[in-house]
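Q: My structure is in upload_18.tsv, and what it holds is TSV, C-alpha atoms and all ligand atoms:
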chain	number	residue	atom	x	y	z
V	1	MET	CA	-5.14	-70.07	-62.57
V	2	ALA	CA	-8.07	-70.62	-64.93
V	3	GLU	CA	-11.51	-69.76	-63.58
V	4	ARG	CA	-13.44	-72.60	-62.04
V	5	ILE	CA	-16.46	-73.90	-63.91
V	6	TYR	CA	-19.32	-75.04	-61.69
V	7	LEU	CA	-21.28	-77.88	-63.26
V	8	ASP	CA	-23.04	-79.35	-60.24
V	9	HIS	CA	-26.23	-77.28	-60.15
V	10	ALA	CA	-28.36	-80.35	-59.49
V	11	ALA	CA	-26.54	-80.75	-56.17
V	12	THR	CA	-26.97	-77.11	-55.25
V	13	ALA	CA	-27.02	-73.75	-57.01
V	14	PRO	CA	-25.16	-70.61	-55.87
V	15	VAL	CA	-27.22	-68.19	-53.78
V	16	LEU	CA	-28.30	-65.15	-55.83
V	17	PRO	CA	-27.03	-61.76	-54.59
V	18	ALA	CA	-30.61	-60.50	-54.13
V	19	VAL	CA	-31.36	-63.54	-51.96
V	20	ALA	CA	-28.28	-62.98	-49.80
V	21	ASP	CA	-29.24	-59.28	-49.45
V	22	ARG	CA	-32.77	-60.13	-48.33
V	23	MET	CA	-31.49	-62.67	-45.82
V	24	ARG	CA	-28.86	-60.29	-44.42
V	25	GLU	CA	-31.50	-57.57	-44.07
V	26	LEU	CA	-33.82	-59.82	-42.09
V	27	LEU	CA	-31.07	-61.28	-39.96
V	28	ALA	CA	-29.94	-57.80	-38.97
V	29	ASP	CA	-33.30	-56.05	-38.62
V	30	SER	CA	-36.01	-58.59	-37.90
V	31	PHE	CA	-35.56	-60.77	-34.87
V	32	GLY	CA	-39.25	-61.10	-33.97
V	33	ASN	CA	-41.07	-64.38	-33.52
V	34	PRO	CA	-43.75	-64.64	-36.23
V	35	SER	CA	-46.19	-65.95	-33.60
V	36	SER	CA	-45.87	-62.86	-31.36
V	37	LEU	CA	-48.59	-60.21	-31.43
V	38	HIS	CA	-46.33	-57.17	-31.00
V	39	ALA	CA	-44.73	-55.04	-33.72
V	40	GLU	CA	-41.54	-57.15	-33.98
V	41	GLY	CA	-43.62	-60.31	-34.26
V	42	ARG	CA	-45.91	-58.77	-36.86
V	43	LYS	CA	-42.94	-57.71	-38.96
V	44	ALA	CA	-41.56	-61.26	-38.90
V	45	ARG	CA	-45.01	-62.70	-39.72
V	46	GLN	CA	-45.25	-60.33	-42.66
V	47	ALA	CA	-41.94	-61.65	-44.06
V	48	VAL	CA	-43.12	-65.28	-43.77
V	49	ASP	CA	-46.49	-64.42	-45.31
V	50	GLU	CA	-44.86	-62.57	-48.18
V	51	ALA	CA	-42.65	-65.58	-48.95
V	52	ARG	CA	-45.64	-67.93	-48.75
V	53	GLU	CA	-47.53	-65.69	-51.14
V	54	ILE	CA	-44.68	-65.77	-53.67
V	55	VAL	CA	-44.06	-69.52	-53.39
V	56	SER	CA	-47.76	-70.44	-53.55
V	57	SER	CA	-48.37	-68.24	-56.54
V	58	SER	CA	-45.42	-69.77	-58.42
V	59	LEU	CA	-46.77	-73.24	-57.58
V	60	GLY	CA	-50.19	-72.10	-58.77
V	61	CYS	CA	-51.94	-72.91	-55.50
V	62	GLU	CA	-53.57	-71.12	-52.59
V	63	PHE	CA	-51.57	-69.45	-49.82
V	64	ALA	CA	-52.78	-71.97	-47.24
V	65	GLU	CA	-51.80	-74.99	-49.35
V	66	VAL	CA	-48.05	-74.51	-48.82
V	67	ALA	CA	-46.20	-75.73	-45.73
V	68	PHE	CA	-42.60	-74.63	-45.28
V	69	THR	CA	-40.14	-77.33	-44.21
V	70	SER	CA	-36.41	-77.68	-43.63
V	71	GLY	CA	-35.90	-78.72	-47.27
V	72	GLY	CA	-36.88	-81.20	-49.94
V	73	THR	CA	-36.03	-84.15	-47.71
V	74	GLU	CA	-38.38	-83.07	-44.95
V	75	ALA	CA	-41.09	-82.14	-47.45
V	76	ALA	CA	-41.00	-85.68	-48.88
V	77	ASN	CA	-40.92	-87.20	-45.39
V	78	LEU	CA	-43.88	-85.09	-44.31
V	79	ALA	CA	-45.80	-86.11	-47.42
V	80	ILE	CA	-45.11	-89.83	-47.12
V	81	LEU	CA	-44.87	-90.47	-43.39
V	82	GLY	CA	-47.42	-87.76	-42.54
V	83	LEU	CA	-49.98	-89.38	-44.85
V	84	ALA	CA	-49.10	-92.86	-43.61
V	85	LEU	CA	-49.53	-91.82	-39.96
V	86	ALA	CA	-52.84	-90.12	-40.65
V	87	HIS	CA	-54.23	-93.27	-42.32
V	88	ARG	CA	-52.58	-95.89	-40.12
V	89	GLY	CA	-54.77	-98.96	-39.59
V	90	GLY	CA	-56.97	-98.14	-42.58
V	91	GLU	CA	-57.96	-100.45	-45.42
V	92	ARG	CA	-55.28	-99.23	-47.77
V	93	ASP	CA	-51.98	-100.65	-46.58
V	94	ARG	CA	-49.68	-100.55	-49.63
V	95	VAL	CA	-47.24	-97.81	-50.64
V	96	LEU	CA	-45.61	-97.77	-54.08
V	97	MET	CA	-42.48	-95.82	-54.90
V	98	SER	CA	-40.31	-95.79	-57.98
V	99	ALA	CA	-37.00	-97.59	-57.62
V	100	ALA	CA	-35.16	-94.48	-58.84
V	101	GLU	CA	-36.48	-92.10	-56.16
V	102	HIS	CA	-34.16	-89.93	-54.11
V	103	HIS	CA	-33.16	-91.46	-50.78
V	104	CYS	CA	-35.47	-88.97	-49.02
V	105	VAL	CA	-38.32	-91.07	-50.41
V	106	LEU	CA	-36.79	-94.57	-50.51
V	107	GLN	CA	-35.49	-94.43	-46.97
V	108	THR	CA	-38.93	-93.84	-45.48
V	109	GLU	CA	-39.48	-97.58	-45.99
V	110	PRO	CA	-38.41	-98.84	-42.52
V	111	LEU	CA	-40.81	-96.43	-40.80
V	112	LEU	CA	-43.62	-97.20	-43.24
V	113	THR	CA	-43.10	-100.90	-42.51
V	114	ALA	CA	-43.09	-100.20	-38.77
V	115	PHE	CA	-46.43	-98.38	-39.24
V	116	GLY	CA	-47.83	-101.56	-40.81
V	117	TYR	CA	-47.59	-100.71	-44.52
V	118	ARG	CA	-46.25	-102.91	-47.31
V	119	VAL	CA	-43.80	-100.97	-49.45
V	120	GLU	CA	-43.19	-101.98	-53.05
V	121	GLN	CA	-40.86	-100.50	-55.65
V	122	ILE	CA	-42.11	-99.63	-59.10
V	123	PRO	CA	-39.54	-100.82	-61.68
V	124	VAL	CA	-37.94	-98.20	-63.91
V	125	ASP	CA	-36.58	-98.46	-67.42
V	126	ARG	CA	-32.96	-97.96	-68.52
V	127	GLU	CA	-33.45	-94.18	-68.18
V	128	ALA	CA	-34.98	-94.20	-64.68
V	129	ARG	CA	-38.53	-93.62	-65.91
V	130	VAL	CA	-41.58	-95.44	-64.62
V	131	ASP	CA	-43.08	-97.85	-67.11
V	132	LEU	CA	-46.82	-97.04	-67.14
V	133	GLN	CA	-47.93	-100.59	-67.89
V	134	GLN	CA	-45.86	-102.08	-65.07
V	135	PHE	CA	-47.11	-99.33	-62.77
V	136	GLU	CA	-50.74	-99.97	-63.63
V	137	ASP	CA	-50.25	-103.69	-62.96
V	138	LEU	CA	-49.15	-102.86	-59.41
V	139	LEU	CA	-52.09	-100.53	-58.69
V	140	SER	CA	-55.17	-101.73	-56.86
V	141	GLU	CA	-57.71	-100.47	-54.34
V	142	ASP	CA	-55.39	-101.24	-51.40
V	143	VAL	CA	-52.75	-98.67	-52.40
V	144	LEU	CA	-52.74	-95.64	-50.11
V	145	LEU	CA	-49.85	-93.72	-51.61
V	146	VAL	CA	-47.69	-93.57	-54.71
V	147	SER	CA	-44.45	-91.58	-54.77
V	148	VAL	CA	-42.90	-90.92	-58.18
V	149	MET	CA	-40.45	-88.10	-58.81
V	150	HIS	CA	-41.13	-85.56	-61.52
V	151	ALA	CA	-37.55	-85.67	-62.83
V	152	ASN	CA	-34.69	-87.88	-61.78
V	153	ASN	CA	-31.87	-85.99	-60.09
V	154	GLU	CA	-29.13	-88.21	-61.51
V	155	LEU	CA	-30.11	-88.80	-65.13
V	156	GLY	CA	-32.40	-85.78	-65.57
V	157	SER	CA	-35.12	-87.87	-67.25
V	158	ILE	CA	-38.71	-86.73	-66.76
V	159	ASN	CA	-41.54	-89.04	-65.71
V	160	PRO	CA	-44.97	-88.95	-67.39
V	161	ILE	CA	-46.42	-87.54	-64.17
V	162	ASN	CA	-49.86	-86.60	-65.58
V	163	GLU	CA	-50.51	-90.14	-66.73
V	164	ILE	CA	-49.29	-91.44	-63.38
V	165	ALA	CA	-51.63	-88.99	-61.62
V	166	GLU	CA	-54.59	-90.15	-63.74
V	167	LEU	CA	-53.91	-93.80	-62.89
V	168	CYS	CA	-53.61	-92.94	-59.19
V	169	ALA	CA	-56.89	-91.00	-59.25
V	170	ALA	CA	-58.64	-93.91	-60.98
V	171	HIS	CA	-57.59	-96.19	-58.09
V	172	GLY	CA	-58.14	-93.68	-55.28
V	173	ALA	CA	-54.43	-93.55	-54.40
V	174	VAL	CA	-52.75	-90.36	-53.22
V	175	LEU	CA	-49.83	-89.21	-55.39
V	176	HIS	CA	-46.73	-87.50	-54.02
V	177	THR	CA	-44.22	-86.15	-56.51
V	178	ASP	CA	-40.74	-84.97	-55.64
V	179	ALA	CA	-40.43	-81.95	-57.93
V	180	VAL	CA	-37.21	-80.67	-56.40
V	181	GLN	CA	-35.36	-80.84	-59.72
V	182	THR	CA	-38.06	-79.33	-61.93
V	183	PHE	CA	-39.37	-76.47	-59.79
V	184	LEU	CA	-38.85	-73.22	-61.72
V	185	GLY	CA	-36.84	-75.00	-64.38
V	186	THR	CA	-35.94	-72.87	-67.39
V	187	ASP	CA	-37.91	-74.67	-70.06
V	188	LEU	CA	-40.39	-76.79	-68.15
V	189	PRO	CA	-42.91	-74.46	-66.55
V	190	TRP	CA	-45.58	-76.17	-64.45
V	191	LYS	CA	-48.22	-75.41	-61.86
V	192	VAL	CA	-49.48	-78.03	-59.41
V	193	ALA	CA	-52.63	-78.48	-61.50
V	194	ASP	CA	-50.46	-79.49	-64.47
V	195	LEU	CA	-48.79	-82.25	-62.47
V	196	GLY	CA	-52.03	-83.57	-61.01
V	197	ALA	CA	-50.31	-84.72	-57.80
V	198	ASP	CA	-51.85	-84.33	-54.33
V	199	LEU	CA	-48.54	-83.63	-52.64
V	200	VAL	CA	-45.59	-81.87	-54.26
V	201	SER	CA	-42.23	-81.27	-52.63
V	202	VAL	CA	-39.75	-78.56	-53.61
V	203	SER	CA	-36.50	-77.17	-52.22
V	204	ALA	CA	-34.93	-73.69	-52.12
V	205	HIS	CA	-31.25	-74.43	-52.65
V	206	LYS	CA	-31.73	-75.98	-56.10
V	207	ILE	CA	-33.12	-72.67	-57.32
V	208	HIS	CA	-30.40	-70.34	-56.01
V	209	GLY	CA	-31.99	-69.98	-52.58
V	210	PRO	CA	-30.61	-70.99	-49.17
V	211	LYS	CA	-30.06	-74.54	-47.95
V	212	GLY	CA	-32.27	-75.95	-45.19
V	213	VAL	CA	-35.61	-74.70	-46.48
V	214	GLY	CA	-38.24	-76.21	-48.76
V	215	ALA	CA	-41.97	-76.55	-49.08
V	216	LEU	CA	-44.73	-79.08	-49.49
V	217	TYR	CA	-47.85	-78.39	-51.50
V	218	VAL	CA	-50.82	-80.16	-49.91
V	219	ARG	CA	-54.00	-80.50	-51.95
V	220	PRO	CA	-57.03	-79.54	-49.83
V	221	GLY	CA	-58.61	-82.63	-48.30
V	222	THR	CA	-55.32	-84.59	-48.11
V	223	LYS	CA	-54.99	-85.62	-44.48
V	224	LEU	CA	-51.48	-85.50	-43.00
V	225	SER	CA	-50.21	-85.90	-39.44
V	226	PRO	CA	-47.33	-83.64	-38.40
V	227	LEU	CA	-43.92	-85.26	-37.93
V	228	ILE	CA	-42.76	-82.47	-35.63
V	229	SER	CA	-45.15	-81.71	-32.78
V	230	GLY	CA	-45.03	-78.87	-30.32
V	231	GLY	CA	-46.64	-75.91	-32.02
V	232	ALA	CA	-49.41	-74.93	-34.38
V	233	GLN	CA	-47.08	-73.48	-37.02
V	234	GLU	CA	-47.56	-74.29	-40.71
V	235	ARG	CA	-51.23	-74.95	-40.14
V	236	GLU	CA	-50.35	-77.55	-37.52
V	237	LEU	CA	-48.27	-79.53	-39.99
V	238	ARG	CA	-44.90	-78.60	-38.50
V	239	GLY	CA	-44.33	-77.35	-34.99
V	240	GLY	CA	-41.47	-74.97	-34.19
V	241	THR	CA	-40.65	-71.29	-34.67
V	242	GLU	CA	-40.31	-70.64	-38.38
V	243	ASN	CA	-36.91	-70.34	-40.08
V	244	LEU	CA	-37.71	-66.73	-40.88
V	245	VAL	CA	-34.47	-65.85	-42.69
V	246	GLY	CA	-34.42	-69.06	-44.73
V	247	ILE	CA	-38.08	-68.79	-45.70
V	248	ALA	CA	-37.65	-65.16	-46.76
V	249	GLY	CA	-34.56	-66.16	-48.78
V	250	PHE	CA	-36.60	-68.92	-50.46
V	251	GLY	CA	-39.32	-66.40	-51.32
V	252	GLU	CA	-36.76	-64.01	-52.79
V	253	ALA	CA	-35.17	-66.77	-54.92
V	254	VAL	CA	-38.60	-67.63	-56.33
V	255	ARG	CA	-39.35	-63.96	-56.96
V	256	GLN	CA	-36.06	-63.56	-58.83
V	257	LEU	CA	-36.62	-66.62	-61.03
V	258	ALA	CA	-40.38	-66.65	-61.48
V	259	GLY	CA	-40.35	-63.90	-64.10
V	260	GLY	CA	-38.16	-66.11	-66.30
V	261	SER	CA	-35.42	-64.76	-68.50
V	262	HIS	CA	-33.43	-65.91	-71.46
V	263	SER	CA	-31.21	-68.82	-70.52
V	264	CYS	CA	-28.64	-70.78	-72.54
V	265	GLN	CA	-28.87	-73.71	-70.13
V	266	ARG	CA	-30.05	-76.36	-72.60
V	267	GLU	CA	-27.86	-75.07	-75.42
V	268	ALA	CA	-24.80	-75.10	-73.15
V	269	ALA	CA	-25.58	-78.64	-71.96
V	270	ASP	CA	-26.13	-79.85	-75.55
V	271	THR	CA	-22.88	-78.25	-76.75
V	272	PHE	CA	-20.96	-79.89	-73.91
V	273	ARG	CA	-22.59	-83.30	-74.43
V	274	ALA	CA	-21.83	-83.32	-78.14
V	275	ALA	CA	-18.20	-82.36	-77.47
V	276	ILE	CA	-17.53	-85.01	-74.82
V	277	GLU	CA	-19.28	-87.72	-76.83
V	278	THR	CA	-16.54	-87.25	-79.44
V	279	LEU	CA	-14.08	-87.99	-76.60
V	280	GLY	CA	-15.70	-91.36	-75.87
V	281	ALA	CA	-18.32	-90.40	-73.25
V	282	ILE	CA	-21.47	-92.52	-73.45
V	283	SER	CA	-24.70	-90.63	-72.69
V	284	SER	CA	-27.06	-92.38	-70.28
V	285	VAL	CA	-30.22	-90.85	-71.73
V	286	SER	CA	-31.22	-90.90	-75.38
V	287	ARG	CA	-31.85	-87.67	-77.28
V	288	ASN	CA	-35.58	-88.40	-77.65
V	289	THR	CA	-36.27	-88.76	-73.93
V	290	PRO	CA	-37.71	-85.66	-72.21
V	291	THR	CA	-35.01	-84.36	-69.87
V	292	LEU	CA	-34.12	-81.48	-67.60
V	293	PRO	CA	-32.40	-78.72	-69.57
V	294	GLY	CA	-29.07	-78.72	-67.75
V	295	HIS	CA	-28.34	-82.42	-67.19
V	296	VAL	CA	-25.55	-84.29	-68.97
V	297	HIS	CA	-25.11	-87.77	-67.49
V	298	VAL	CA	-22.42	-89.96	-69.05
V	299	ARG	CA	-20.06	-92.85	-68.47
V	300	PHE	CA	-16.43	-92.95	-69.55
V	301	PRO	CA	-16.13	-96.72	-70.13
V	302	GLU	CA	-12.70	-97.27	-68.57
V	303	ILE	CA	-12.78	-94.68	-65.79
V	304	ASP	CA	-14.45	-94.73	-62.38
V	305	ALA	CA	-16.48	-91.63	-61.57
V	306	GLU	CA	-14.38	-90.95	-58.50
V	307	THR	CA	-11.13	-90.70	-60.50
V	308	MET	CA	-12.80	-88.53	-63.12
V	309	LEU	CA	-14.29	-86.18	-60.53
V	310	ILE	CA	-10.99	-85.76	-58.66
V	311	VAL	CA	-9.01	-85.06	-61.85
V	312	LEU	CA	-11.67	-82.64	-63.10
V	313	ASP	CA	-11.70	-80.85	-59.77
V	314	ARG	CA	-7.92	-80.32	-60.07
V	315	LEU	CA	-8.54	-78.86	-63.53
V	316	GLY	CA	-11.13	-76.47	-62.15
V	317	VAL	CA	-14.37	-78.24	-63.11
V	318	SER	CA	-16.88	-79.10	-60.38
V	319	ALA	CA	-19.05	-82.04	-61.41
V	320	GLY	CA	-20.87	-84.76	-59.47
V	321	SER	CA	-22.09	-88.28	-59.74
V	322	GLY	CA	-25.36	-88.16	-57.88
V	323	ALA	CA	-24.20	-91.20	-55.94
V	324	ALA	CA	-23.43	-91.20	-52.24
V	325	CYS	CA	-19.87	-90.98	-51.02
V	326	SER	CA	-19.18	-93.12	-47.97
V	327	SER	CA	-15.85	-93.87	-46.28
V	328	GLY	CA	-14.08	-91.87	-48.96
V	329	SER	CA	-15.30	-93.94	-51.90
V	330	LEU	CA	-18.29	-93.66	-54.21
V	331	GLU	CA	-21.04	-96.23	-53.75
V	332	PRO	CA	-22.55	-97.52	-57.00
V	333	SER	CA	-25.50	-95.26	-57.75
V	334	HIS	CA	-28.78	-96.91	-56.66
V	335	VAL	CA	-30.47	-95.16	-59.59
V	336	LEU	CA	-28.16	-96.70	-62.17
V	337	VAL	CA	-28.48	-100.10	-60.50
V	338	ALA	CA	-32.30	-99.74	-60.66
V	339	CYS	CA	-31.90	-98.92	-64.38
V	340	GLY	CA	-30.18	-102.26	-64.92
V	341	PHE	CA	-26.53	-101.19	-64.99
V	342	THR	CA	-23.99	-103.48	-63.32
V	343	PRO	CA	-22.40	-102.14	-60.10
V	344	SER	CA	-19.16	-101.59	-62.02
V	345	GLN	CA	-20.94	-99.55	-64.71
V	346	ALA	CA	-22.90	-97.74	-62.02
V	347	ARG	CA	-19.63	-96.57	-60.44
V	348	LYS	CA	-18.72	-94.83	-63.69
V	349	GLY	CA	-21.67	-92.44	-63.98
V	350	VAL	CA	-20.62	-88.78	-64.01
V	351	ARG	CA	-23.18	-85.98	-63.87
V	352	PHE	CA	-22.52	-82.51	-65.23
V	353	THR	CA	-25.36	-80.10	-64.52
V	354	PHE	CA	-25.51	-76.67	-66.09
V	355	GLY	CA	-27.42	-73.89	-64.42
V	356	ARG	CA	-29.72	-71.21	-65.78
V	357	PHE	CA	-26.80	-68.77	-65.81
V	358	SER	CA	-24.27	-71.13	-67.47
V	359	CYS	CA	-23.02	-70.04	-70.88
V	360	ILE	CA	-21.79	-71.68	-74.08
V	361	GLN	CA	-18.22	-70.49	-73.50
V	362	GLU	CA	-18.17	-72.39	-70.20
V	363	ALA	CA	-19.49	-75.48	-71.98
V	364	GLU	CA	-16.71	-75.31	-74.55
V	365	GLU	CA	-14.01	-74.67	-71.96
V	366	ALA	CA	-15.34	-77.47	-69.72
V	367	ALA	CA	-15.21	-79.91	-72.67
V	368	ALA	CA	-11.59	-78.91	-73.31
V	369	ARG	CA	-10.82	-79.63	-69.66
V	370	VAL	CA	-12.53	-83.05	-69.90
V	371	ALA	CA	-10.22	-83.77	-72.86
V	372	ALA	CA	-7.24	-82.74	-70.71
V	373	ALA	CA	-8.47	-84.93	-67.86
V	374	LEU	CA	-8.75	-87.95	-70.17
V	375	ARG	CA	-5.23	-87.34	-71.52
V	376	GLY	CA	-3.87	-87.07	-67.98
V	377	ILE	CA	-5.57	-90.28	-66.84
V	378	GLU	CA	-4.33	-92.12	-69.95
V	379	GLU	CA	-0.75	-90.91	-69.41
V	380	ARG	CA	-0.77	-92.07	-65.80
V	381	LYS	CA	-1.88	-95.54	-66.90
V	382	SER	CA	0.93	-95.97	-69.44
V	401	LIG	C1	-34.79	-85.10	-56.41
V	401	LIG	C2	-34.38	-84.60	-55.06
V	401	LIG	N1	-35.22	-84.76	-54.03
V	401	LIG	C3	-34.92	-84.31	-52.81
V	401	LIG	C4	-33.73	-83.69	-52.54
V	401	LIG	C5	-33.43	-83.23	-51.15
V	401	LIG	O1	-33.62	-81.86	-51.01
V	401	LIG	P1	-32.94	-81.08	-49.77
V	401	LIG	O2	-31.46	-81.08	-50.04
V	401	LIG	O3	-33.53	-79.72	-49.80
V	401	LIG	O4	-33.28	-81.83	-48.56
V	401	LIG	C6	-32.81	-83.52	-53.59
V	401	LIG	C7	-31.49	-82.89	-53.34
V	401	LIG	O5	-30.47	-83.48	-53.53
V	401	LIG	C8	-33.15	-83.98	-54.89
V	401	LIG	O6	-32.32	-83.84	-55.92
Would you kindly transcribe this structure into structure tokens?
Ligand SMILES: Cc1ncc(COP(=O)(O)O)c(C=O)c1O
A:
Amino acid sequence: MAERIYLDHAATAPVLPAVADRMRELLADSFGNPSSLHAEGRKARQAVDEAREIVSSSLGCEFAEVAFTSGGTEAANLAILGLALAHRGGERDRVLMSAAEHHCVLQTEPLLTAFGYRVEQIPVDREARVDLQQFEDLLSEDVLLVSVMHANNELGSINPINEIAELCAAHGAVLHTDAVQTFLGTDLPWKVADLGADLVSVSAHKIHGPKGVGALYVRPGTKLSPLISGGAQERELRGGTENLVGIAGFGEAVRQLAGGSHSCQREAADTFRAAIETLGAISSVSRNTPTLPGHVHVRFPEIDAETMLIVLDRLGVSAGSGAACSSGSLEPSHVLVACGFTPSQARKGVRFTFGRFSCIQEAEEAAARVAAALRGIEERKS
């Protein structure tokens, strides 16, 4: 049986051995509650503090400006709903979010509406990027919050976040950016000051850390209400005993990646893209658009994503679509629909995402398996 090739790093990335070791060590030897004063508690507090130190320094912010959460979804919810709650009833009652945001942002809308806000979507272009002119037209002094992702998780395209931040600042609006896909990326280093956002959410499992842990950067002076009450943890932003093992695993993942190392990620993705384009795959993002290094998003004109993914899985290639799977069938991707694709086209989007440890050989072998998948699908049709 040929080795499997994992090309779904944007969904989640395998936990690094050093991360698993650190988590095992804490699980076995450190059961204390970080809020306790005794030795066991102090040891647990030290582990949380150490992780916060590592994560804040890689974000380029102060120790106290990072709140740990249960992942990217909660970080975005805390940013958006926490800000909305803290400013409820104020003069600014509009919230703008790009139409291509992850559901963790878009699906805050019902609660925002219940809190009395008007939520509007910022249109995106064919590659899921915010058009600056259209965005500026929507901005005015009644906008409390803007949420625009740094890079799109489906297409991999990168938004001009600095320009968006400048426009927000000019209108006094708070900017949240979902940076889950770009945090510690191989060829896109950034610190929070580079992004210019007031609130930045990140997640551990996209960077070879554990699932169920993430963080929110909060610029000093940005007022948020907690969404989980019942304790003063995370500087009163999130009640509840800390997920000690997960947080320490997150810190270790950041420590492992922060130094940077040579990676063939972009080269592997480019090699693969070029090979499958010769097989008829149509790339969703043009070569000149700034993109994440590992993303290859394509459509095979006659084949639904679901069929392609199932056949590829049988051939030992794990890919994704970025779209939600409900009742056993793929929904058309809301991102592709926002980009102007028809629902039928949107059901054909397949996402291959290479990781920092992927290699060219895997790219070549994966392309050969895509060719085999296409032959198999064609034979079944005839
Ligand atoms: C852009 C983006 N935002 C947020 C999330 C959610 O992160 P988490 O799985 O940690 O809740 C994801 C993960 O799929 C993502 O890709």
Q: Could you list, as a count of residues only, all the residues within 6 Å of ligand LIG 401 (chain V), counting all atoms listed in the file?
A: 11
Q: Which residue gives the smallest distance to Ala346 (chain V) among V:Thr278, V:Thr291, V:Ser284, V:Asn243, with all atoms listed in the file counted?
A: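 Ranked by minimum distance to Ala346 (chain V), first place goes to V:Ser284.
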Q: Near Ala367 (chain V), counting all atoms listed in the file, which residues have an atom at most 12 Å away, once you skip same-chain residues fewer than 6 positions from it, shown as an MDAnalysis selection string?
A: chainID V and resid 5 7 268:281 296 312 315:317 352 360:361 373:374
Q: Applying 8 Å and only C-alpha atoms, which residues near Ala79 (chain V) remain after dropping the ones on its own chain fewer than 2 positions away? List them as a PyMOL selection string.
A: chain V and resi 75-77+81-83+176+199+201+216+224
Q: So, with all atoms listed in the file as the atoms that count, which of V:Glu141, V:Glu40, V:Glu154, V:Asp21 lies closest to Ala100 (chain V)?
A: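 Among the listed residues, V:Glu154 lies closest to Ala100 (chain V).
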Q: Write out as a CSV table (one decimal) with C-alpha atoms, in the frame of the given file each polymer residue whose atoms come within 6 Å of Gly249 (chain V), counting all atoms listed in the file; drop sequence neighbours fewer than 4 positions from it.
A:
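Wrote around.csv, looks like this:
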chain,number,residue,atom,x,y,z
V,19,VAL,CA,-31.4,-63.5,-52.0
V,23,MET,CA,-31.5,-62.7,-45.8
V,209,GLY,CA,-32.0,-70.0,-52.6
Q: Which polymer residues have any atom within 10 Å of an atom of Ser225 (chain V), counting all atoms listed in the file, with same-chain residues fewer than 3 positions away left out, as a PyMOL selection string?
A: chain V and resi 78-79+81-87+228-229+236-238
Q: If we count only C-alpha atoms, what is near Arg299 (chain V) at a cut-off of 9 Å, once residues fewer than 4 positions away on the same chain are taken out, given as a ChimeraX atom specification?
A: /V:280-284,303-305,345-351
Q: Let me know the centre plus edge lengths, in Å and rounded to one decimal, of a box with edges along x, y and z that contains all listed atoms of region 42-59 of chain V and is padded by 6 Å on every side, as JSON.
A:
{"center_x": -45.0, "center_y": -65.5, "center_z": -47.6, "size_x": 18.8, "size_y": 27.5, "size_z": 33.6}
Q: Starting from the incomplete input, reconstruct N, CA and C atoms of region 11-22 of chain V and report them as an mmCIF file, keeping the file's coordinate frame.
A:
data_model
loop_
_atom_site.group_PDB
_atom_site.id
_atom_site.type_symbol
_atom_site.label_atom_id
_atom_site.label_comp_id
_atom_site.auth_asym_id
_atom_site.auth_seq_id
_atom_site.Cartn_x
_atom_site.Cartn_y
_atom_site.Cartn_z
ATOM 1 N N ALA V 11 -26.839 -80.533 -57.587
ATOM 2 C CA ALA V 11 -26.540 -80.750 -56.170
ATOM 3 C C ALA V 11 -26.946 -79.521 -55.371
ATOM 4 N N THR V 12 -26.531 -78.370 -55.855
ATOM 5 C CA THR V 12 -26.970 -77.110 -55.250
ATOM 6 C C THR V 12 -26.565 -75.968 -56.181
ATOM 7 N N ALA V 13 -27.296 -74.875 -56.112
ATOM 8 C CA ALA V 13 -27.020 -73.750 -57.010
ATOM 9 C C ALA V 13 -26.597 -72.540 -56.171
ATOM 10 N N PRO V 14 -25.648 -71.741 -56.670
ATOM 11 C CA PRO V 14 -25.160 -70.610 -55.870
ATOM 12 C C PRO V 14 -26.275 -69.636 -55.489
ATOM 13 N N VAL V 15 -26.200 -69.131 -54.268
ATOM 14 C CA VAL V 15 -27.220 -68.190 -53.780
ATOM 15 C C VAL V 15 -27.125 -66.882 -54.581
ATOM 16 N N LEU V 16 -28.272 -66.406 -55.051
ATOM 17 C CA LEU V 16 -28.300 -65.150 -55.830
ATOM 18 C C LEU V 16 -28.002 -63.967 -54.912
ATOM 19 N N PRO V 17 -27.326 -62.931 -55.434
ATOM 20 C CA PRO V 17 -27.030 -61.760 -54.590
ATOM 21 C C PRO V 17 -28.291 -61.162 -53.949
ATOM 22 N N ALA V 18 -29.385 -61.094 -54.696
ATOM 23 C CA ALA V 18 -30.610 -60.500 -54.130
ATOM 24 C C ALA V 18 -31.146 -61.342 -52.967
ATOM 25 N N VAL V 19 -30.919 -62.644 -53.042
ATOM 26 C CA VAL V 19 -31.360 -63.540 -51.960
ATOM 27 C C VAL V 19 -30.509 -63.292 -50.723
ATOM 28 N N ALA V 20 -29.189 -63.233 -50.940
ATOM 29 C CA ALA V 20 -28.280 -62.980 -49.800
ATOM 30 C C ALA V 20 -28.612 -61.626 -49.156
ATOM 31 N N ASP V 21 -28.907 -60.619 -49.983
ATOM 32 C CA ASP V 21 -29.240 -59.280 -49.450
ATOM 33 C C ASP V 21 -30.482 -59.347 -48.568
ATOM 34 N N ARG V 22 -31.501 -60.020 -49.082
ATOM 35 C CA ARG V 22 -32.770 -60.130 -48.330
ATOM 36 C C ARG V 22 -32.550 -60.861 -47.000
#
